[in-house]
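A.B. asks: Provided herewith: model_38.cif, mmCIF, C-alpha atoms.
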data_structure
#
loop_
_atom_site.label_atom_id
_atom_site.label_comp_id
_atom_site.auth_asym_id
_atom_site.auth_seq_id
_atom_site.Cartn_x
_atom_site.Cartn_y
_atom_site.Cartn_z
CA MET B 64 36.59 94.28 -45.47
CA THR B 65 37.87 97.23 -47.51
CA HIS B 66 41.58 96.97 -48.28
CA LEU B 67 43.95 99.85 -48.81
CA VAL B 68 44.83 98.31 -52.20
CA GLU B 69 43.13 95.43 -53.97
CA MET B 70 44.19 93.99 -57.34
CA THR B 71 41.74 91.53 -58.91
CA GLY B 72 42.36 89.26 -61.90
CA VAL B 73 45.23 91.38 -63.17
CA GLN B 74 47.04 90.23 -66.30
CA LYS B 75 50.10 91.35 -68.21
CA SER B 76 51.65 89.61 -71.20
CA PHE B 77 54.74 90.29 -73.28
CA GLY B 78 54.20 88.56 -76.59
CA GLY B 79 53.28 84.99 -75.71
CA VAL B 80 54.65 85.19 -72.18
CA HIS B 81 52.07 85.67 -69.41
CA ALA B 82 54.16 87.63 -66.91
CA VAL B 83 51.14 88.11 -64.61
CA ASP B 84 48.27 85.70 -65.15
CA GLY B 85 45.03 86.56 -63.33
CA ALA B 86 46.63 87.50 -60.00
CA ASN B 87 44.64 88.68 -56.97
CA PHE B 88 46.56 90.71 -54.40
CA HIS B 89 45.66 92.97 -51.50
CA LEU B 90 47.44 95.19 -48.99
CA ASP B 91 46.11 96.78 -45.82
CA ALA B 92 47.16 99.94 -44.02
CA GLY B 93 49.82 99.25 -41.39
CA GLU B 94 50.77 95.94 -43.03
CA VAL B 95 54.06 94.71 -44.49
CA VAL B 96 53.68 92.06 -47.20
CA GLY B 97 56.74 90.12 -48.35
CA LEU B 98 56.41 89.28 -52.06
CA LEU B 99 58.58 86.32 -52.99
CA GLY B 100 59.37 84.22 -56.04
CA HIS B 101 62.17 83.21 -58.37
CA ASN B 102 63.38 85.56 -61.10
CA GLY B 103 60.64 85.64 -63.72
CA ALA B 104 57.90 84.66 -61.27
CA GLY B 105 56.03 87.90 -61.98
CA LYS B 106 56.48 89.79 -58.73
CA SER B 107 58.27 92.82 -60.22
CA THR B 108 55.76 93.00 -63.08
CA LEU B 109 52.84 92.85 -60.63
CA MET B 110 54.28 95.75 -58.66
CA ALA B 111 55.05 97.66 -61.88
CA LEU B 112 51.33 97.46 -62.69
CA LEU B 113 50.47 98.87 -59.27
CA ALA B 114 53.10 101.62 -59.57
CA GLY B 115 51.95 102.67 -63.04
CA ALA B 116 55.17 101.69 -64.78
CA LEU B 117 53.22 99.23 -66.96
CA PRO B 118 49.58 99.28 -68.12
CA LEU B 119 47.17 96.46 -67.24
CA ASP B 120 46.08 94.09 -70.01
CA ALA B 121 43.09 93.00 -67.92
CA GLY B 122 41.80 93.07 -64.36
CA SER B 123 41.12 95.89 -61.93
CA ILE B 124 42.69 97.88 -59.11
CA ARG B 125 40.87 99.43 -56.18
CA VAL B 126 42.22 101.90 -53.62
CA ASP B 127 40.16 102.30 -50.45
CA GLY B 128 37.48 100.23 -52.17
CA ARG B 129 37.18 102.59 -55.16
CA PRO B 130 38.04 101.51 -58.73
CA VAL B 131 41.02 103.45 -60.05
CA ALA B 132 42.84 103.77 -63.36
CA ILE B 133 46.63 103.70 -63.00
CA ARG B 134 48.14 104.46 -66.40
CA SER B 135 51.41 106.08 -65.30
CA PRO B 136 53.62 106.61 -62.24
CA ARG B 137 52.04 110.06 -61.93
CA ASP B 138 48.59 108.43 -61.56
CA ALA B 139 50.00 106.10 -58.90
CA ARG B 140 51.62 108.95 -56.97
CA ARG B 141 48.34 110.89 -56.98
CA LEU B 142 46.83 107.88 -55.22
CA GLY B 143 49.68 107.75 -52.71
CA ILE B 144 51.49 104.79 -54.28
CA GLU B 145 55.28 105.09 -54.50
CA ALA B 146 57.86 102.56 -55.68
CA LEU B 147 61.45 102.72 -54.45
CA TYR B 148 63.90 100.75 -56.56
CA GLN B 149 67.41 99.67 -55.68
CA ASP B 150 69.08 102.84 -57.02
CA LEU B 151 66.60 104.97 -54.97
CA ALA B 152 66.69 107.65 -57.75
CA LEU B 153 69.06 109.82 -55.70
CA ALA B 154 71.55 112.33 -57.10
CA ASP B 155 74.78 111.25 -55.41
CA ASN B 156 76.49 114.66 -55.45
CA LEU B 157 73.59 116.57 -53.88
CA PRO B 158 72.67 116.82 -50.18
CA ALA B 159 69.56 115.47 -48.53
CA SER B 160 67.31 118.51 -49.07
CA ALA B 161 68.12 118.78 -52.79
CA ASN B 162 67.28 115.09 -53.20
CA LEU B 163 64.08 115.24 -51.23
CA PHE B 164 62.75 118.03 -53.47
CA LEU B 165 64.48 116.89 -56.69
CA GLY B 166 62.24 118.02 -59.57
CA ARG B 167 59.72 119.53 -57.14
CA GLU B 168 61.78 122.37 -55.66
CA LEU B 169 60.19 125.12 -53.59
CA THR B 170 60.52 128.69 -54.82
CA GLY B 171 59.87 132.09 -53.29
CA ARG B 172 58.09 135.19 -54.57
CA PHE B 173 60.62 135.94 -57.31
CA GLY B 174 61.08 132.39 -58.51
CA LEU B 175 64.26 131.81 -56.51
CA LEU B 176 64.84 128.53 -54.69
CA ASP B 177 63.63 128.65 -51.09
CA GLU B 178 66.56 126.70 -49.72
CA ALA B 179 65.78 127.53 -46.09
CA ALA B 180 62.27 126.10 -46.35
CA MET B 181 63.52 122.97 -48.12
CA GLU B 182 66.20 122.45 -45.48
CA ARG B 183 63.70 122.87 -42.63
CA ILE B 184 61.17 120.49 -44.15
CA THR B 185 63.88 117.94 -44.95
CA HIS B 186 64.98 117.88 -41.30
CA GLU B 187 61.39 117.36 -40.16
CA VAL B 188 60.55 114.68 -42.72
CA VAL B 189 63.74 112.64 -42.51
CA HIS B 190 63.75 112.72 -38.70
CA ARG B 191 60.20 111.37 -38.80
CA VAL B 192 61.55 108.39 -40.73
CA ASN B 193 64.93 108.10 -39.03
CA PRO B 194 65.42 110.08 -35.77
CA ALA B 195 69.14 109.19 -35.79
CA PHE B 196 69.86 110.87 -39.15
CA ARG B 197 72.48 113.62 -38.81
CA ASP B 198 74.33 114.48 -42.04
CA PHE B 199 72.05 116.88 -43.91
CA GLN B 200 74.81 118.89 -45.58
CA GLY B 201 77.08 116.34 -47.23
CA PRO B 202 76.47 114.64 -50.58
CA VAL B 203 74.30 111.55 -50.26
CA LYS B 204 77.02 109.37 -51.79
CA SER B 205 78.83 109.64 -48.44
CA LEU B 206 75.85 108.22 -46.50
CA SER B 207 75.18 104.64 -45.46
CA GLY B 208 72.68 102.54 -47.36
CA GLY B 209 70.17 102.91 -44.54
CA GLU B 210 70.57 106.69 -44.49
CA ARG B 211 70.04 106.85 -48.24
CA GLN B 212 66.88 104.79 -47.80
CA SER B 213 65.75 107.32 -45.18
CA ILE B 214 65.95 110.16 -47.70
CA ALA B 215 64.14 108.24 -50.44
CA ILE B 216 61.41 107.10 -48.05
CA GLY B 217 61.16 110.58 -46.55
CA ARG B 218 60.63 112.01 -50.05
CA ALA B 219 57.79 109.57 -50.66
CA MET B 220 56.17 110.35 -47.32
CA HIS B 221 56.42 114.12 -47.76
CA PHE B 222 54.49 113.78 -50.99
CA GLU B 223 51.81 111.82 -49.11
CA ALA B 224 52.63 108.21 -49.93
CA ARG B 225 50.27 105.68 -48.36
CA VAL B 226 51.69 102.63 -50.13
CA LEU B 227 55.41 101.94 -50.46
CA ILE B 228 56.80 99.30 -52.80
CA LEU B 229 60.35 98.50 -51.71
CA ASP B 230 62.32 96.54 -54.31
CA GLU B 231 65.15 94.57 -52.67
CA PRO B 232 65.77 97.32 -50.07
CA THR B 233 68.60 95.45 -48.33
CA ALA B 234 70.43 94.20 -51.43
CA ALA B 235 74.19 94.81 -51.16
CA LEU B 236 73.85 96.23 -47.62
CA GLY B 237 75.93 95.08 -44.66
CA PRO B 238 74.38 93.68 -41.46
CA ALA B 239 74.26 97.04 -39.64
CA GLU B 240 72.67 98.82 -42.62
CA THR B 241 70.19 95.97 -43.06
CA ARG B 242 69.11 96.35 -39.43
CA GLU B 243 68.76 100.10 -40.00
CA VAL B 244 66.43 99.54 -42.97
CA GLY B 245 64.47 97.06 -40.86
CA ARG B 246 63.89 99.74 -38.22
CA LEU B 247 62.72 102.14 -40.96
CA VAL B 248 60.18 99.62 -42.22
CA GLY B 249 58.89 99.04 -38.69
CA ARG B 250 58.43 102.75 -38.05
CA LEU B 251 56.57 103.23 -41.34
CA ARG B 252 54.25 100.33 -40.59
CA ASP B 253 53.54 101.85 -37.16
CA GLN B 254 52.61 105.10 -38.93
CA GLY B 255 49.96 103.25 -40.93
CA LEU B 256 51.62 102.84 -44.32
CA GLY B 257 51.05 99.71 -46.39
CA ILE B 258 54.39 98.28 -47.51
CA VAL B 259 55.23 95.67 -50.14
CA LEU B 260 58.69 94.20 -49.68
CA VAL B 261 59.86 92.59 -52.93
CA SER B 262 62.76 90.36 -52.00
CA HIS B 263 64.67 87.13 -52.58
CA ASP B 264 65.87 87.11 -48.97
CA LEU B 265 63.72 84.81 -46.84
CA HIS B 266 65.43 85.97 -43.67
CA ASP B 267 64.54 89.61 -44.36
CA VAL B 268 60.97 88.73 -45.26
CA PHE B 269 60.39 86.74 -42.09
CA ARG B 270 62.01 89.44 -39.98
CA LEU B 271 60.03 92.33 -41.45
CA SER B 272 56.76 91.04 -42.94
CA ASP B 273 53.32 90.42 -41.47
CA ARG B 274 52.29 88.27 -44.42
CA VAL B 275 54.09 86.30 -47.13
CA VAL B 276 52.82 86.10 -50.73
CA VAL B 277 54.52 83.77 -53.20
CA MET B 278 54.38 84.00 -57.00
CA LYS B 279 55.34 81.46 -59.63
CA ALA B 280 54.84 81.63 -63.41
CA GLY B 281 52.77 84.80 -63.14
CA CYS B 282 50.34 83.41 -60.54
CA ILE B 283 50.03 83.89 -56.80
CA VAL B 284 50.37 80.37 -55.44
CA ALA B 285 50.37 81.03 -51.70
CA SER B 286 49.58 83.65 -49.09
CA ARG B 287 50.02 83.13 -45.38
CA ARG B 288 50.55 85.14 -42.21
CA THR B 289 54.27 85.05 -41.49
CA GLU B 290 53.70 83.82 -37.96
CA ASP B 291 51.74 80.84 -39.34
CA THR B 292 54.47 79.49 -41.62
CA HIS B 293 58.25 79.01 -41.73
CA PRO B 294 61.04 79.43 -44.32
CA ASP B 295 61.13 75.76 -45.37
CA GLU B 296 57.43 75.80 -46.20
CA VAL B 297 57.73 79.06 -48.13
CA LEU B 298 60.73 77.71 -50.03
CA GLU B 299 58.63 74.72 -51.08
CA TRP B 300 55.97 77.09 -52.45
CA ILE B 301 58.61 79.05 -54.38
CA ILE B 302 60.00 75.86 -55.94
CA ALA B 303 56.90 73.68 -56.29
CA GLY B 304 54.42 76.45 -57.03
CA ALA B 305 51.64 75.10 -54.82
CA GLN B 306 50.59 75.48 -51.23
CA ARG B 307 50.16 71.98 -49.75
CA ASP B 308 48.07 70.44 -47.03
CA ALA B 309 50.64 69.28 -44.46
CA ALA B 310 48.51 66.33 -43.34
CA ARG B 311 47.84 64.91 -46.80
CA GLY B 312 50.67 66.33 -48.89
CA THR B 313 48.18 67.44 -51.54
CA PRO B 314 47.90 70.86 -53.20
CA VAL B 315 45.34 73.24 -51.70
CA ARG B 316 43.97 76.57 -52.86
CA PRO B 317 45.82 79.58 -51.45
CA GLU B 318 43.91 81.77 -49.07
CA SER B 319 42.17 84.78 -50.60
CA VAL B 320 44.74 87.39 -51.60
#
In structure tokens, what does this structure look like?
C.D. replies:
Amino acid sequence: MTHLVEMTGVQKSFGGVHAVDGANFHLDAGEVVGLLGHNGAGKSTLMALLAGALPLDAGSIRVDGRPVAIRSPRDARRLGIEALYQDLALADNLPASANLFLGRELTGRFGLLDEAAMERITHEVVHRVNPAFRDFQGPVKSLSGGERQSIAIGRAMHFEARVLILDEPTAALGPAETREVGRLVGRLRDQGLGIVLVSHDLHDVFRLSDRVVVMKAGCIVASRRTEDTHPDEVLEWIIAGAQRDAARGTPVRPESV
């Protein structure tokens, strides 16, 4: 089977610390993978390698089955890989359209900003992500956390993202905003995007993910379909660092990831 993204034997060290140590990871189109682990487990570093924020020390990455070199975020974006971090990289005092095209503004014949075109496209793109979005004119600092996510995700989609890495997307959000982000993730999955949800929140992961991947000490120690496990089992993997055979209580090899 050809995966949308496949990382094989990837390694990254900082001095004597093996932040990612021979990890294998894959993601399919239309799949949400919850990536879990304690602080320092290696999950953020693994995703930084995929997003081009850090270079590989060893290993390989394939997209659609083809070997690729991802040396920078620009390389990743060319391949349709976008990472959205907690701050969402939004300019708080600007409206939705200015944020969607921030740094990539459209201009007309004489080099002037084509504000009408940017406004029209922003409406189309953001409504594709979040049909309930309404406030296109006000500064984004006045929007809810879910609405801000809609703009950031819409920006990634407009520039042809196929893979979205969402780093703690519901951190510091209230219950209503968390549900709103959950609906966004579901719509994106239905549109065929592959999504990696980096989170510490087991509840969010089980609510939103199709598959759970657990890291500890730079290694992937478990991978399981969400419907085939439960939070207590995943918590054991996070703490103990090994997937166990329930009948014998002995460590077993994780499924191929």
A.B. asks: Listing only residues of range 201-281 of chain B within 12 Å of range 167-179 of chain B, what is the closest atom pair and its distance in Å (to one decimal) for each, using all atoms listed in the file, sorted by chain and residue number ascending, as JSON lines?
C.D. replies:
{"residue": "B:Arg218", "atom": "CA", "partner": "B:Arg167", "partner_atom": "CA", "distance": 10.4}
{"residue": "B:His221", "atom": "CA", "partner": "B:Arg167", "partner_atom": "CA", "distance": 11.3}
{"residue": "B:Phe222", "atom": "CA", "partner": "B:Arg167", "partner_atom": "CA", "distance": 9.9}
A.B. asks: Which residues, written as a VMD selection string, have at least one atom at most 10 Å from His66 in chain B, with all atoms listed in the file counted and residues fewer than 3 positions away on the same chain left out?
C.D. replies: chain B and resid 69 to 70 89 to 92 125 to 129
A.B. asks: State, in Å with one decimal place, the distance from CA of Val73 in chain B to CA of Ala132 in chain B.
C.D. replies: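 Distance between the two atoms: 12.6 Å.
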A.B. asks: Return the single residue from B:Gly166, B:Gly257, B:Gly100, B:Gly85 that is closest to Ala224 in chain B, with distances computed using only C-alpha atoms.
C.D. replies: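 Smallest separation from Ala224 in chain B among the options: B:Gly257.
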A.B. asks: List the spatial neighbours of Arg252 in chain B as an mmCIF file with C-alpha atoms, in the coordinates of the input - criterion: any atom at most 12 Å away, only C-alpha atoms, same-chain residues fewer than 2 positions off excluded.
C.D. replies:
data_model
loop_
_atom_site.group_PDB
_atom_site.id
_atom_site.type_symbol
_atom_site.label_atom_id
_atom_site.label_comp_id
_atom_site.auth_asym_id
_atom_site.auth_seq_id
_atom_site.Cartn_x
_atom_site.Cartn_y
_atom_site.Cartn_z
ATOM 1 C CA LEU B 90 47.440 95.190 -48.990
ATOM 2 C CA ASP B 91 46.110 96.780 -45.820
ATOM 3 C CA ALA B 92 47.160 99.940 -44.020
ATOM 4 C CA GLY B 93 49.820 99.250 -41.390
ATOM 5 C CA GLU B 94 50.770 95.940 -43.030
ATOM 6 C CA VAL B 95 54.060 94.710 -44.490
ATOM 7 C CA VAL B 96 53.680 92.060 -47.200
ATOM 8 C CA VAL B 192 61.550 108.390 -40.730
ATOM 9 C CA ARG B 225 50.270 105.680 -48.360
ATOM 10 C CA VAL B 226 51.690 102.630 -50.130
ATOM 11 C CA LEU B 227 55.410 101.940 -50.460
ATOM 12 C CA GLY B 245 64.470 97.060 -40.860
ATOM 13 C CA ARG B 246 63.890 99.740 -38.220
ATOM 14 C CA LEU B 247 62.720 102.140 -40.960
ATOM 15 C CA VAL B 248 60.180 99.620 -42.220
ATOM 16 C CA GLY B 249 58.890 99.040 -38.690
ATOM 17 C CA ARG B 250 58.430 102.750 -38.050
ATOM 18 C CA GLN B 254 52.610 105.100 -38.930
ATOM 19 C CA GLY B 255 49.960 103.250 -40.930
ATOM 20 C CA LEU B 256 51.620 102.840 -44.320
ATOM 21 C CA GLY B 257 51.050 99.710 -46.390
ATOM 22 C CA ILE B 258 54.390 98.280 -47.510
ATOM 23 C CA VAL B 259 55.230 95.670 -50.140
ATOM 24 C CA LEU B 260 58.690 94.200 -49.680
ATOM 25 C CA LEU B 271 60.030 92.330 -41.450
ATOM 26 C CA SER B 272 56.760 91.040 -42.940
ATOM 27 C CA ASP B 273 53.320 90.420 -41.470
#
A.B. asks: What is the CA of Val68 in chain B to CA of His263 in chain B distance in Å?
C.D. replies: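 CA of Val68 in chain B sits 22.8 Å away from CA of His263 in chain B.
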A.B. asks: Once the PyMOL selection byres ((chain B and resi 76-78) around 10) is applied to the coordinates I shared, what remains selected? I want it as a ChimeraX atom specification.
C.D. replies: /B:74-75,79-84,108,119-121,281
A.B. asks: Using only C-alpha atoms, which residues sit within 9 Å of Arg140 in chain B once same-chain residues fewer than 5 positions away are excluded, as a PyMOL selection string?
C.D. replies: chain B and resi 114-115+135+145+219+222-224
A.B. asks: Dump C-alpha atoms for the selected residues as a tab-separated table (two decimals), in the frame of the given file?
C.D. replies:
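Result written to result.tsv:
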chain	number	residue	atom	x	y	z
B	114	ALA	CA	53.10	101.62	-59.57
B	115	GLY	CA	51.95	102.67	-63.04
B	135	SER	CA	51.41	106.08	-65.30
B	145	GLU	CA	55.28	105.09	-54.50
B	219	ALA	CA	57.79	109.57	-50.66
B	222	PHE	CA	54.49	113.78	-50.99
B	223	GLU	CA	51.81	111.82	-49.11
B	224	ALA	CA	52.63	108.21	-49.93
